[in-house]
file run-v2.pdb (PDB, C-alpha atoms)
ATOM      1  CA  THR F   1      -3.756 -10.592  62.472
ATOM      2  CA  ALA F   2      -4.531 -14.267  62.235
ATOM      3  CA  SER F   3      -5.765 -15.397  58.849
ATOM      4  CA  ARG F   4      -9.131 -17.044  58.584
ATOM      5  CA  PRO F   5      -9.172 -20.755  57.787
ATOM      6  CA  GLU F   6     -10.032 -21.605  54.224
ATOM      7  CA  GLN F   7     -13.698 -22.488  53.771
ATOM      8  CA  ARG F   8     -14.886 -25.097  51.320
ATOM      9  CA  CYS F   9     -17.779 -24.064  49.096
ATOM     10  CA  TRP F  10     -18.857 -27.578  48.138
ATOM     11  CA  MET F  11     -19.855 -30.718  49.939
ATOM     12  CA  GLU F  12     -19.444 -34.396  49.269
ATOM     13  CA  PRO F  13     -22.774 -36.264  49.188
ATOM     14  CA  GLU F  14     -23.567 -38.034  52.426
ATOM     15  CA  LEU F  15     -25.332 -41.349  52.077
ATOM     16  CA  PRO F  16     -26.012 -42.614  55.601
ATOM     17  CA  ILE F  17     -26.580 -46.316  56.108
ATOM     18  CA  GLU F  18     -29.550 -46.805  58.405
ATOM     19  CA  THR F  19     -29.441 -50.582  58.601
ATOM     20  CA  PRO F  20     -29.387 -51.688  62.253
ATOM     21  CA  PRO F  21     -26.032 -53.053  63.484
ATOM     22  CA  ASP F  22     -27.406 -56.541  64.030
ATOM     23  CA  ALA F  23     -28.852 -56.841  60.511
ATOM     24  CA  GLN F  24     -27.187 -59.575  58.477
ATOM     25  CA  VAL F  25     -28.035 -60.750  54.979
ATOM     26  CA  ALA F  26     -26.230 -63.655  53.326
ATOM     27  CA  GLY F  27     -23.341 -63.398  55.780
ATOM     28  CA  CYS F  28     -22.856 -59.627  55.318
ATOM     29  CA  THR F  29     -23.076 -57.140  58.138
ATOM     30  CA  ALA F  30     -24.868 -53.781  58.063
ATOM     31  CA  GLY F  31     -24.112 -51.596  55.058
ATOM     32  CA  THR F  32     -23.053 -53.155  51.781
ATOM     33  CA  CYS F  33     -21.134 -56.274  50.810
ATOM     34  CA  GLY F  34     -19.243 -55.729  47.582
ATOM     35  CA  ASN F  35     -21.678 -54.233  45.083
ATOM     36  CA  SER F  36     -24.757 -55.920  46.584
ATOM     37  CA  GLN F  37     -27.286 -53.879  48.528
ATOM     38  CA  ILE F  38     -28.481 -54.911  51.961
ATOM     39  CA  ARG F  39     -32.230 -55.519  51.867
ATOM     40  CA  SER F  40     -34.626 -54.678  54.652
ATOM     41  CA  VAL F  41     -36.662 -57.435  56.289
ATOM     42  CA  VAL F  42     -39.828 -55.789  54.930
ATOM     43  CA  ASP F  43     -38.582 -56.489  51.383
ATOM     44  CA  GLU F  44     -39.646 -60.107  51.916
ATOM     45  CA  PRO F  45     -43.376 -60.666  51.200
ATOM     46  CA  GLU F  46     -43.879 -62.967  54.202
ATOM     47  CA  ALA F  47     -42.249 -60.545  56.644
ATOM     48  CA  ARG F  48     -44.133 -57.621  55.116
ATOM     49  CA  ASP F  49     -47.513 -59.331  55.526
ATOM     50  CA  GLU F  50     -46.697 -60.369  59.085
ATOM     51  CA  GLN F  51     -45.647 -56.867  60.113
ATOM     52  CA  ALA F  52     -48.715 -55.305  58.470
ATOM     53  CA  THR F  53     -50.955 -57.688  60.431
ATOM     54  CA  GLU F  54     -49.168 -56.854  63.697
ATOM     55  CA  LEU F  55     -49.473 -53.107  63.123
ATOM     56  CA  ALA F  56     -53.159 -53.351  62.248
ATOM     57  CA  SER F  57     -53.857 -55.493  65.316
ATOM     58  CA  SER F  58     -51.940 -53.132  67.596
ATOM     59  CA  PHE F  59     -53.789 -50.103  66.205
ATOM     60  CA  LYS F  60     -57.185 -51.791  66.648
ATOM     61  CA  LYS F  61     -56.441 -52.671  70.284
ATOM     62  CA  ALA F  62     -55.226 -49.146  71.083
ATOM     63  CA  CYS F  63     -58.352 -47.652  69.514
ATOM     64  CA  ALA F  64     -60.671 -50.046  71.346
ATOM     65  CA  CYS F  65     -59.199 -48.977  74.684
ATOM     66  CA  ARG F  66     -60.182 -45.390  73.867
ATOM     67  CA  ARG F  67     -63.648 -46.157  72.512
ATOM     68  CA  VAL F  68     -62.660 -45.357  68.952
ATOM     69  CA  GLU F  69     -64.701 -47.839  66.932
ATOM     70  CA  LEU F  70     -63.268 -48.978  63.603
ATOM     71  CA  ALA F  71     -65.380 -50.378  60.809
ATOM     72  CA  GLU F  72     -62.363 -51.459  58.756
ATOM     73  CA  CYS F  73     -58.600 -51.755  59.118
ATOM     74  CA  ASP F  74     -57.507 -54.390  56.617
ATOM     75  CA  PRO F  75     -53.774 -55.240  56.703
ATOM     76  CA  GLU F  76     -54.016 -56.802  53.232
ATOM     77  CA  ARG F  77     -54.616 -53.327  51.775
ATOM     78  CA  ALA F  78     -51.586 -51.840  53.526
ATOM     79  CA  VAL F  79     -48.856 -50.378  51.327
ATOM     80  CA  ILE F  80     -45.298 -49.625  52.342
ATOM     81  CA  GLY F  81     -43.285 -46.580  51.300
ATOM     82  CA  PRO F  82     -39.724 -45.571  52.129
ATOM     83  CA  ASN F  83     -40.715 -43.977  55.467
ATOM     84  CA  VAL F  84     -44.235 -45.069  56.402
ATOM     85  CA  TRP F  85     -46.760 -47.856  56.354
ATOM     86  CA  ARG F  86     -50.069 -46.649  54.902
ATOM     87  CA  PHE F  87     -53.340 -48.253  55.983
ATOM     88  CA  TYR F  88     -56.835 -47.418  54.771
ATOM     89  CA  ILE F  89     -59.307 -47.414  57.647
ATOM     90  CA  ARG F  90     -62.977 -46.603  58.193
ATOM     91  CA  LEU F  91     -64.691 -45.401  61.348
ATOM     92  CA  VAL F  92     -68.024 -46.714  62.534
ATOM     93  CA  ARG F  93     -70.904 -44.464  61.485
ATOM     94  CA  GLY F  94     -71.282 -41.604  63.972
ATOM     95  CA  GLN F  95     -67.636 -41.657  65.096
ATOM     96  CA  ARG F  96     -65.811 -38.326  64.863
ATOM     97  CA  LEU F  97     -62.449 -38.057  63.110
ATOM     98  CA  ASP F  98     -61.472 -35.273  65.523
ATOM     99  CA  ASN F  99     -61.788 -37.763  68.381
ATOM    100  CA  LEU F 100     -59.289 -40.083  66.698
ATOM    101  CA  LYS F 101     -56.876 -37.233  65.927
ATOM    102  CA  ALA F 102     -56.958 -36.037  69.534
ATOM    103  CA  GLN F 103     -55.799 -39.444  70.773
ATOM    104  CA  LEU F 104     -53.199 -40.275  68.114
ATOM    105  CA  GLU F 105     -50.274 -39.436  70.380
ATOM    106  CA  ASP F 106     -51.432 -41.885  73.059
ATOM    107  CA  ILE F 107     -52.296 -44.517  70.457
ATOM    108  CA  GLY F 108     -48.827 -44.176  68.952
ATOM    109  CA  ARG F 109     -47.260 -44.426  72.406
ATOM    110  CA  GLU F 110     -48.984 -47.758  73.025
ATOM    111  CA  MET F 111     -47.928 -48.960  69.579
ATOM    112  CA  ARG F 112     -44.384 -47.702  70.220
ATOM    113  CA  ARG F 113     -44.611 -45.682  67.006
ATOM    114  CA  SER F 114     -44.486 -41.908  67.337
ATOM    115  CA  GLY F 115     -45.722 -39.595  64.606
ATOM    116  CA  LEU F 116     -48.948 -41.287  63.474
ATOM    117  CA  ILE F 117     -50.893 -39.251  60.894
ATOM    118  CA  VAL F 118     -54.497 -39.620  59.720
ATOM    119  CA  THR F 119     -55.841 -37.885  56.604
ATOM    120  CA  PRO F 120     -59.331 -38.146  55.080
ATOM    121  CA  VAL F 121     -59.450 -39.529  51.535
ATOM    122  CA  PRO F 122     -61.225 -36.945  49.324
ATOM    123  CA  ASN F 123     -64.758 -37.906  48.246
ATOM    124  CA  SER F 124     -64.639 -41.085  50.329
ATOM    125  CA  ASP F 125     -65.415 -42.340  53.824
ATOM    126  CA  GLU F 126     -61.939 -43.868  54.022
ATOM    127  CA  ILE F 127     -59.079 -42.451  56.087
ATOM    128  CA  CYS F 128     -55.363 -42.777  55.377
ATOM    129  CA  LEU F 129     -53.381 -43.899  58.418
ATOM    130  CA  ASP F 130     -49.620 -43.389  58.098
ATOM    131  CA  ILE F 131     -47.457 -45.284  60.602
ATOM    132  CA  PRO F 132     -43.721 -44.431  60.539
ATOM    133  CA  ARG F 133     -41.316 -47.261  59.843
ATOM    134  CA  THR F 134     -38.705 -48.042  62.463
ATOM    135  CA  GLN F 135     -36.174 -48.584  59.674
ATOM    136  CA  ARG F 136     -36.410 -46.003  56.918
ATOM    137  CA  GLY F 137     -35.913 -47.176  53.362
ATOM    138  CA  ARG F 138     -33.634 -45.588  50.792
ATOM    139  CA  VAL F 139     -34.896 -43.967  47.616
ATOM    140  CA  LEU F 140     -32.303 -44.785  44.972
ATOM    141  CA  LEU F 141     -31.508 -42.178  42.330
ATOM    142  CA  LYS F 142     -30.787 -44.821  39.698
ATOM    143  CA  ASP F 143     -34.414 -45.957  39.838
ATOM    144  CA  VAL F 144     -35.868 -42.521  39.103
ATOM    145  CA  LEU F 145     -33.242 -41.738  36.436
ATOM    146  CA  THR F 146     -34.896 -44.313  34.200
ATOM    147  CA  LEU F 147     -37.761 -41.800  33.890
ATOM    148  CA  ALA F 148     -35.413 -39.095  32.582
ATOM    149  CA  GLU F 149     -35.754 -39.206  28.817
ATOM    150  CA  VAL F 150     -34.004 -36.695  26.574
ATOM    151  CA  ALA F 151     -36.122 -33.545  26.673
ATOM    152  CA  SER F 152     -37.851 -32.600  23.445
ATOM    153  CA  SER F 153     -37.601 -28.907  24.349
ATOM    154  CA  PRO F 154     -35.191 -26.799  26.450
ATOM    155  CA  GLU F 155     -38.181 -25.585  28.477
ATOM    156  CA  ILE F 156     -38.847 -29.093  29.808
ATOM    157  CA  MET F 157     -36.763 -29.586  32.966
ATOM    158  CA  LEU F 158     -37.861 -32.696  34.843
ATOM    159  CA  ILE F 159     -36.409 -33.156  38.326
ATOM    160  CA  PRO F 160     -36.841 -35.919  40.957
ATOM    161  CA  ILE F 161     -38.846 -34.831  44.000
ATOM    162  CA  GLY F 162     -39.111 -38.045  45.979
ATOM    163  CA  MET F 163     -41.435 -40.960  46.518
ATOM    164  CA  THR F 164     -45.026 -41.191  47.723
ATOM    165  CA  PRO F 165     -46.036 -43.407  50.674
ATOM    166  CA  GLU F 166     -47.343 -45.866  48.073
ATOM    167  CA  GLY F 167     -43.849 -46.160  46.590
ATOM    168  CA  GLN F 168     -44.492 -44.139  43.412
ATOM    169  CA  HIS F 169     -41.716 -41.857  42.144
ATOM    170  CA  VAL F 170     -42.593 -38.151  41.972
ATOM    171  CA  VAL F 171     -41.115 -36.194  39.048
ATOM    172  CA  ARG F 172     -41.999 -32.569  38.346
ATOM    173  CA  ASP F 173     -41.154 -29.980  35.688
ATOM    174  CA  LEU F 174     -38.921 -27.293  37.191
ATOM    175  CA  GLY F 175     -39.844 -24.952  34.343
ATOM    176  CA  LYS F 176     -43.463 -24.849  35.558
ATOM    177  CA  MET F 177     -42.534 -23.966  39.155
ATOM    178  CA  PRO F 178     -42.473 -20.313  40.250
ATOM    179  CA  HIS F 179     -39.593 -21.172  42.567
ATOM    180  CA  LEU F 180     -38.113 -24.093  44.508
ATOM    181  CA  LEU F 181     -37.095 -23.932  48.179
ATOM    182  CA  VAL F 182     -35.064 -26.820  49.605
ATOM    183  CA  GLY F 183     -34.977 -26.945  53.396
ATOM    184  CA  GLY F 184     -34.321 -29.452  56.157
ATOM    185  CA  THR F 185     -32.251 -30.278  59.193
ATOM    186  CA  THR F 186     -28.556 -31.162  59.116
ATOM    187  CA  GLY F 187     -28.026 -34.551  57.512
ATOM    188  CA  SER F 188     -31.561 -34.786  56.094
ATOM    189  CA  GLY F 189     -30.300 -35.021  52.510
ATOM    190  CA  LYS F 190     -30.527 -31.492  51.048
ATOM    191  CA  THR F 191     -27.176 -31.720  49.269
ATOM    192  CA  VAL F 192     -27.847 -35.192  47.922
ATOM    193  CA  PHE F 193     -31.251 -34.002  46.664
ATOM    194  CA  LEU F 194     -29.620 -31.089  44.783
ATOM    195  CA  TYR F 195     -27.049 -33.465  43.281
ATOM    196  CA  GLY F 196     -29.930 -35.630  42.091
ATOM    197  CA  VAL F 197     -31.597 -32.589  40.497
ATOM    198  CA  LEU F 198     -28.398 -31.711  38.641
ATOM    199  CA  VAL F 199     -27.820 -35.285  37.472
ATOM    200  CA  MET F 200     -31.341 -35.607  36.101
ATOM    201  CA  LEU F 201     -31.157 -32.244  34.334
ATOM    202  CA  LEU F 202     -27.842 -33.196  32.731
ATOM    203  CA  ARG F 203     -29.222 -36.583  31.725
ATOM    204  CA  SER F 204     -32.316 -35.115  30.067
ATOM    205  CA  HIS F 205     -30.308 -32.296  28.415
ATOM    206  CA  PRO F 206     -27.127 -33.921  27.085
ATOM    207  CA  ASN F 207     -26.365 -31.024  24.727
ATOM    208  CA  PRO F 208     -24.809 -27.879  26.245
ATOM    209  CA  GLU F 209     -26.900 -25.725  23.890
ATOM    210  CA  SER F 210     -30.109 -26.725  25.679
ATOM    211  CA  LEU F 211     -29.002 -26.300  29.301
ATOM    212  CA  SER F 212     -26.928 -23.751  31.203
ATOM    213  CA  ILE F 213     -26.362 -23.951  34.955
ATOM    214  CA  PHE F 214     -25.110 -21.032  37.052
ATOM    215  CA  LEU F 215     -23.854 -21.780  40.559
TER     216      LEU F 215
END

call {"tool": "encode", "arguments": {"input": "run-v2.pdb", "output": "structure tokens"}}
result
Amino acid sequence: TASRPEQRCWMEPELPIETPPDAQVAGCTAGTCGNSQIRSVVDEPEARDEQATELASSFKKACACRRVELAECDPERAVIGPNVWRFYIRLVRGQRLDNLKAQLEDIGREMRRSGLIVTPVPNSDEICLDIPRTQRGRVLLKDVLTLAEVASSPEIMLIPIGMTPEGQHVVRDLGKMPHLLVGGTTGSGKTVFLYGVLVMLLRSHPNPESLSIFL
């Protein structure tokens, strides 16, 4: 009988470069140039403000065509995260949020941005509008590792979860979680996320007496 091929039980981390092919910074093409990191155009304040104004204007026009009246959609309050632009909007008094939600797909189609999400802000008349970025940013592990101080107790197990749309790092205590389920499509970063968890645990527990890992 034919022997089965040997299967590998570990994976190398995959770090996809999502910079468009035509992106060039300081004479470098997409990816990296030496040890320098390619920056997105939205990293520049002027480009960021211009794009926020364009998105707000496009959203206002799409809403006006569908009789969704906005009281506020200020691009100066927009914040940018790794995956989305977040705007804070207000509807005119008497307008229904359900009406806006029902037309989000068509509004996004006109804006050429699929996947728009609106969420009411608790205890406020404001609404969060999340508009996906065409070029997703990268959340660097080295930035969140600066939050990993040596744990004062073995029960404290801080792990990196991700980043909020406002760009704030999210760190949680694994010891306080009943369980942790990591899921996602192929290439979405599950393995890299688990590597980040292990690195942060090892960094916060440098002594083998305070941390044991079973794989």

call {"tool": "closest_residue", "arguments": {"input": "run-v2.pdb", "among": "F:Pro208, F:Gly196, F:Pro160, F:Pro132", "to": "Arg172 (chain F)", "atoms": "only C-alpha atoms"}}
result
F:Pro160

call {"tool": "resolve_selection", "arguments": {"input": "run-v2.pdb", "expression": "the PyMOL selection byres ((chain F and resi 105-114) around 9)", "output": "list in words"}}
result
Leu55, Ser58, Phe59, Ala62, Cys63, Arg66, Lys101, Ala102, Gln103, Leu104, Gly115, Leu116, Ile131, Pro132, Arg133 and Thr134 of chain F

call {"tool": "atom_distance", "arguments": {"input": "run-v2.pdb", "atom1": "CA of Ala78 (chain F)", "atom2": "CA of Arg138 (chain F)"}}
result
19.2 Å

call {"tool": "atom_distance", "arguments": {"input": "run-v2.pdb", "atom1": "CA of Glu50 (chain F)", "atom2": "CA of Gln168 (chain F)"}}
result
22.7 Å

call {"tool": "closest_residue", "arguments": {"input": "run-v2.pdb", "among": "F:Ile161, F:Met200, F:Leu194, F:Val118", "to": "Glu149 (chain F)", "atoms": "only C-alpha atoms"}}
result
F:Met200

call {"tool": "closest_residue", "arguments": {"input": "run-v2.pdb", "among": "F:Gly189, F:Gly175, F:Gly162, F:Gly183", "to": "Pro82 (chain F)", "atoms": "all atoms listed in the file"}}
result
F:Gly162

call {"tool": "closest_residue", "arguments": {"input": "run-v2.pdb", "among": "F:His169, F:Ala64, F:Phe214, F:Arg86", "to": "Lys142 (chain F)", "atoms": "only C-alpha atoms"}}
result
F:His169

call {"tool": "resolve_selection", "arguments": {"input": "run-v2.pdb", "expression": "the PyMOL selection byres ((chain F and resi 173) around 7)", "output": "ChimeraX atom specification"}}
result
/F:156-159,172,174-176

call {"tool": "write_last_selection", "arguments": {"input": "run-v2.pdb", "atoms": "C-alpha atoms", "output": "compact mmCIF listing (two decimals), keeping the file's coordinate frame"}}
result
# COMPACT_ATOMS: atom_id res chain seq x y z
CA ILE F 156 -38.85 -29.09 29.81
CA MET F 157 -36.76 -29.59 32.97
CA LEU F 158 -37.86 -32.70 34.84
CA ILE F 159 -36.41 -33.16 38.33
CA ARG F 172 -42.00 -32.57 38.35
CA LEU F 174 -38.92 -27.29 37.19
CA GLY F 175 -39.84 -24.95 34.34
CA LYS F 176 -43.46 -24.85 35.56

call {"tool": "resolve_selection", "arguments": {"input": "run-v2.pdb", "expression": "the PyMOL selection byres ((chain F and resi 54) around 12)", "output": "PyMOL selection string"}}
result
chain F and resi 47-53+55-61+73-76+78+85+111

call {"tool": "closest_residue", "arguments": {"input": "run-v2.pdb", "among": "F:Leu180, F:Glu126, F:Val197, F:Asn99", "to": "Leu141 (chain F)", "atoms": "all atoms listed in the file"}}
result
F:Val197

call {"tool": "decode", "arguments": {"input": "run-v2.pdb", "residues": "region 144-161 of chain F", "atoms": "N, CA, C and O atoms", "output": "PDB file, in the first residue's frame"}}
result
ATOM      1  N   VAL F 144       1.757  46.717  20.183  1.00  0.00           N
ATOM      2  CA  VAL F 144       0.973  46.266  21.335  1.00  0.00           C
ATOM      3  C   VAL F 144       1.852  45.593  22.386  1.00  0.00           C
ATOM      4  O   VAL F 144       1.501  45.536  23.556  1.00  0.00           O
ATOM      5  N   LEU F 145       3.031  45.096  21.989  1.00  0.00           N
ATOM      6  CA  LEU F 145       3.920  44.443  22.951  1.00  0.00           C
ATOM      7  C   LEU F 145       4.456  45.423  23.988  1.00  0.00           C
ATOM      8  O   LEU F 145       4.884  45.013  25.062  1.00  0.00           O
ATOM      9  N   THR F 146       4.426  46.712  23.662  1.00  0.00           N
ATOM     10  CA  THR F 146       4.878  47.702  24.635  1.00  0.00           C
ATOM     11  C   THR F 146       3.944  47.752  25.844  1.00  0.00           C
ATOM     12  O   THR F 146       4.319  48.262  26.900  1.00  0.00           O
ATOM     13  N   LEU F 147       2.720  47.214  25.688  1.00  0.00           N
ATOM     14  CA  LEU F 147       1.767  47.182  26.795  1.00  0.00           C
ATOM     15  C   LEU F 147       1.953  45.948  27.671  1.00  0.00           C
ATOM     16  O   LEU F 147       1.301  45.823  28.708  1.00  0.00           O
ATOM     17  N   ALA F 148       2.829  45.035  27.255  1.00  0.00           N
ATOM     18  CA  ALA F 148       3.006  43.774  27.978  1.00  0.00           C
ATOM     19  C   ALA F 148       4.089  43.918  29.042  1.00  0.00           C
ATOM     20  O   ALA F 148       5.261  43.645  28.794  1.00  0.00           O
ATOM     21  N   GLU F 149       3.699  44.335  30.225  1.00  0.00           N
ATOM     22  CA  GLU F 149       4.632  44.408  31.333  1.00  0.00           C
ATOM     23  C   GLU F 149       4.727  43.045  32.012  1.00  0.00           C
ATOM     24  O   GLU F 149       3.867  42.186  31.842  1.00  0.00           O
ATOM     25  N   VAL F 150       5.790  42.837  32.766  1.00  0.00           N
ATOM     26  CA  VAL F 150       5.958  41.575  33.481  1.00  0.00           C
ATOM     27  C   VAL F 150       4.815  41.423  34.482  1.00  0.00           C
ATOM     28  O   VAL F 150       4.549  42.315  35.289  1.00  0.00           O
ATOM     29  N   ALA F 151       4.116  40.292  34.391  1.00  0.00           N
ATOM     30  CA  ALA F 151       2.935  40.078  35.228  1.00  0.00           C
ATOM     31  C   ALA F 151       3.327  39.962  36.686  1.00  0.00           C
ATOM     32  O   ALA F 151       4.318  39.314  37.036  1.00  0.00           O
ATOM     33  N   SER F 152       2.531  40.589  37.541  1.00  0.00           N
ATOM     34  CA  SER F 152       2.789  40.530  38.979  1.00  0.00           C
ATOM     35  C   SER F 152       2.283  39.238  39.602  1.00  0.00           C
ATOM     36  O   SER F 152       2.618  38.926  40.741  1.00  0.00           O
ATOM     37  N   SER F 153       1.482  38.479  38.846  1.00  0.00           N
ATOM     38  CA  SER F 153       0.932  37.223  39.342  1.00  0.00           C
ATOM     39  C   SER F 153       0.789  36.248  38.187  1.00  0.00           C
ATOM     40  O   SER F 153       0.501  36.659  37.057  1.00  0.00           O
ATOM     41  N   PRO F 154       0.983  34.939  38.425  1.00  0.00           N
ATOM     42  CA  PRO F 154       0.815  33.959  37.343  1.00  0.00           C
ATOM     43  C   PRO F 154      -0.599  33.933  36.779  1.00  0.00           C
ATOM     44  O   PRO F 154      -0.804  33.491  35.640  1.00  0.00           O
ATOM     45  N   GLU F 155      -1.583  34.393  37.556  1.00  0.00           N
ATOM     46  CA  GLU F 155      -2.965  34.371  37.086  1.00  0.00           C
ATOM     47  C   GLU F 155      -3.254  35.455  36.056  1.00  0.00           C
ATOM     48  O   GLU F 155      -4.265  35.391  35.355  1.00  0.00           O
ATOM     49  N   ILE F 156      -2.390  36.458  35.965  1.00  0.00           N
ATOM     50  CA  ILE F 156      -2.592  37.537  34.998  1.00  0.00           C
ATOM     51  C   ILE F 156      -1.974  37.121  33.666  1.00  0.00           C
ATOM     52  O   ILE F 156      -0.765  36.942  33.568  1.00  0.00           O
ATOM     53  N   MET F 157      -2.815  36.964  32.643  1.00  0.00           N
ATOM     54  CA  MET F 157      -2.340  36.522  31.328  1.00  0.00           C
ATOM     55  C   MET F 157      -2.924  37.442  30.255  1.00  0.00           C
ATOM     56  O   MET F 157      -3.954  37.156  29.647  1.00  0.00           O
ATOM     57  N   LEU F 158      -2.266  38.571  30.040  1.00  0.00           N
ATOM     58  CA  LEU F 158      -2.733  39.538  29.058  1.00  0.00           C
ATOM     59  C   LEU F 158      -2.386  39.071  27.644  1.00  0.00           C
ATOM     60  O   LEU F 158      -1.271  38.621  27.389  1.00  0.00           O
ATOM     61  N   ILE F 159      -3.346  39.196  26.744  1.00  0.00           N
ATOM     62  CA  ILE F 159      -3.132  38.806  25.349  1.00  0.00           C
ATOM     63  C   ILE F 159      -3.654  39.912  24.439  1.00  0.00           C
ATOM     64  O   ILE F 159      -4.594  40.630  24.789  1.00  0.00           O
ATOM     65  N   PRO F 160      -3.053  40.085  23.242  1.00  0.00           N
ATOM     66  CA  PRO F 160      -3.539  41.101  22.297  1.00  0.00           C
ATOM     67  C   PRO F 160      -4.746  40.573  21.524  1.00  0.00           C
ATOM     68  O   PRO F 160      -4.717  39.475  20.972  1.00  0.00           O
ATOM     69  N   ILE F 161      -5.806  41.370  21.484  1.00  0.00           N
ATOM     70  CA  ILE F 161      -7.014  40.989  20.755  1.00  0.00           C
ATOM     71  C   ILE F 161      -7.085  41.655  19.391  1.00  0.00           C
ATOM     72  O   ILE F 161      -7.462  41.043  18.396  1.00  0.00           O
TER      73      ILE F 161
END
